[in-house]
Amino acid sequence: MRWSAASEAVLGRERLPLARRGADYARLIEPGSGLSRLEAALAAKETSADTDAFPGNEEGARFFQTVYCLASPSGSDRRCLWVEDRGVVYFDPAGRVRRVEGFVRRLSAGCPGRLATGSIEPRTDRQRLAGLIEERLAQAYREGGEFGFMLVGVDHLGDLNDAYGFLVADEVIDVIWLRLRAQLAEGEEIARFSGSKFGLVLHARPGEDFLASARRFVAAVNLASPRTSAGAVAASVSAGGLIAPRQGRSVPEIFSHAQDTLQRARSVAQGSLELYSPSFDRAAERLANVRFADEIVGALSHDRVSLAFQPIAHGVTREIAFHECLVRITGRDGRVFDGGTVIPTADRFGLTRLVDCRALALALAALQADPELRLSVNVSPGSIHDAAWVQILEEGALAGLGARLIVEITESASIPDIEAMRARVAWLRAHGCKVAMDDFGVGYTSFRNLRNLHVDMLKIDGSFICTMMQSEDDRSFVRVLLDLAGQLGIETVAEWVLDEETGRQLVDWGCTYLQGQLIGLPTDDPAVPDGTPGS
């Protein structure tokens with residue numbers, strides 16, 4: 001084995017003489033702590049397809065990656081060392097390993113990760129970070145004093161993965177790690193908090209400017225682009241910091257406050273730094289969101305999800321054309337929450353997919369019960385590709401219900417892959433459904449993408465409609481939307497139509513359907529009108 005000059009700093013002076021041959025190095029690995037390099041290389045050969053071959057290299061090259069623990073050399077007082085071993089393995093035509101190229105990286109700075117007594121199970125870096133903070137808190141409570149904590153996050157890591165691939169993005173993370181570690185003073189620590197975040201335990205002595213110290217870490221990363229195998233990559237970090245125990249008296253509280261502060265920094269600008277400031281409202285808001293998310297889960301589990309049905313009428317004749325399904329959730333105390341209350345919390349806690357699936361199932365059941373009924377049902381761009389949602393719709397289409405169903409895609413949420421959405425729209429239409437773009441005008445979809453999606457219907461967001469007769473800007477905007485939709489051959493629905501004057505003007509401009517108080521409010525039964533007069 002040939003090691004670089006930096007290997008002694010990674011492995012330690014005691015281990016390096018025992019790592020000159022592959023077999024000897026393999027014996028340093030604690031049994032059961034992870035795949036050895038050879039085992040990881042052979043696993044890569046078995047699990048990788050030809051398309052996973054290392055680009056630009058000879059045939060038979062495969063990526064490999066493993067994590068294991070290197071034991072302490074006999075007679076040494078050094079602790080076990082957790083490392084990541086990653087690189088490229090080259091196989092000959094017979095499938096035997098010819099050579100391996102790569103690097104070994106320590107998974108923790110400062111002291112290596114601790115091992116449980118009598119066990120070789122590793123503690124994750126976040127666990128190690130929590131242990132370090134617990135020790136500093138105990139010392140602060142015992143002796144007085146304070147310490148700083150920073151959470152540093154790589155900005156837009158997903159975009160880096162998409163643009164360069166995961167390996168280059170990993171190189172960026174490695175460079176950022178090294179730059180942050182280089183700024184540490186004696187007694188300060190760094191550990192991986194998550195895939196794209198690092199936690200730093202720092203000094204915060206009385207009279208010193210912790211903000212200036214924190215800025216030094218951010219500047220060390222952001223002043224120069226990281227160099228990778230793909231060249232220089234435009235990458236930056238944002239950070240949130242606090243002083244403990246003054247601004248955080250426990251590990252969970254410190255982690256929570258740091259994540260809030262990092263999020264606030266990112267909302268200001270990429271590459272920003274923010275220090276924590278107490279905000280009771282933020283804590284109360286989070287608690288309220290958690291409780292309401294629990295209400296949503298409980299309603300889904302105990303069949304307390306229902307639909308209300310709002311009529312949508314032809315603009316010219318005012319005859320009811322179909323009804324929109326609106327989600328309602330009944331809480332444990334009997335209160336009923338509408339979609340405007342439910343969806344933001346569902347989005348935040350990853351529950352939207354479950355809500356969308358339940359709404360579709362209920363809509364199809366209503367169609368099955370009433371052969372004369374036509375309904376529209378909302379779905380978020382994320383849910384429309386979900387396997388469970390797709391299966392529910394396919395079953396409804398097989399039962400002959402697709403021709404009476406309109407699927408409304410929520411336009412106020414971004415559509416990450418227009419081509420995938422275009423294929424899904426075509427799939428829905430092939431199953432007999434019509435497709436509408438909901439809340440158009442307040443989201444992300446351009447008319448170019450709208451044309452490429454080939455939707456059947458455009459629903460103009462009600463915020464433009466309800467003030468249309470009082471706002472010249474809104475009138476101009478709505479008229480332009482209606483003209484362009486007409487040129488594309490797309491039917492239109494105006495939401496939140498409150499009065500006859502607005503309704504007549506929309507019909508004069510070519511709007512196909514009207515929805516709102518003028519036509520009727522939502523009811524529990526689409527066969528029973530709400531008593532709102534129409535024309």
# chains A, B, ... in the order shown; residues from 1 in each chain; ligands from 1
>>> select_by_dssp(residues="segment 385-506 of chain A", states="alpha helix (DSSP H)", output="PyMOL selection string")
chain A and resi 387-398+418-430+447-453+462-465+472-487+500-506
>>> closest_residue(among="A:Leu498, A:Val67, A:Ala258, A:Ala346", to="Arg37 of chain A", atoms="only C-alpha atoms")
A:Val67
>>> closest_residue(among="A:Arg192, A:Arg179, A:His302, A:Lys197", to="Val152 of chain A", atoms="only C-alpha atoms")
A:Lys197
>>> select_by_dssp(residues="segment 47-280 of chain A", states="strand (DSSP E or B)", output="PyMOL selection string")
chain A and resi 61-70+81-91+97-106+115+122+147-154+189-194+197-203+227-228+231-232+237-244+273-275
>>> closest_residue(among="A:Gly60, A:Gly195, A:Gly102, A:Gly432", to="Tyr90 of chain A", atoms="only C-alpha atoms")
A:Gly60
>>> atom_distance(atom1="atom CA of Ala494 of chain A", atom2="atom CA of Thr317 of chain A")
15.1 Å
>>> residues_around(residues="Arg404 of chain A", least_positions_apart="4", cutoff="10 Å", atoms="only C-alpha atoms", output="ChimeraX atom specification")
/A:322,364,367,371-376,397,400,432-434
>>> residues_around(residues="Leu458 of chain A", least_positions_apart="3", cutoff="6 Å", atoms="only C-alpha atoms", output="list of chain:residue names")
A:Ala436, A:Met437, A:Thr492
>>> closest_residue(among="A:Leu16, A:Ala163, A:Ala387, A:Val316", to="Leu514 of chain A", atoms="only C-alpha atoms")
A:Val316
>>> residues_around(residues="Glu84 of chain A", least_positions_apart="4", cutoff="8 Å", atoms="only C-alpha atoms", output="VMD selection string")
chain A and resid 65 to 68 104 to 107
>>> atom_distance(atom1="atom CA of Tyr141 of chain A", atom2="atom CA of Leu202 of chain A")
16.7 Å
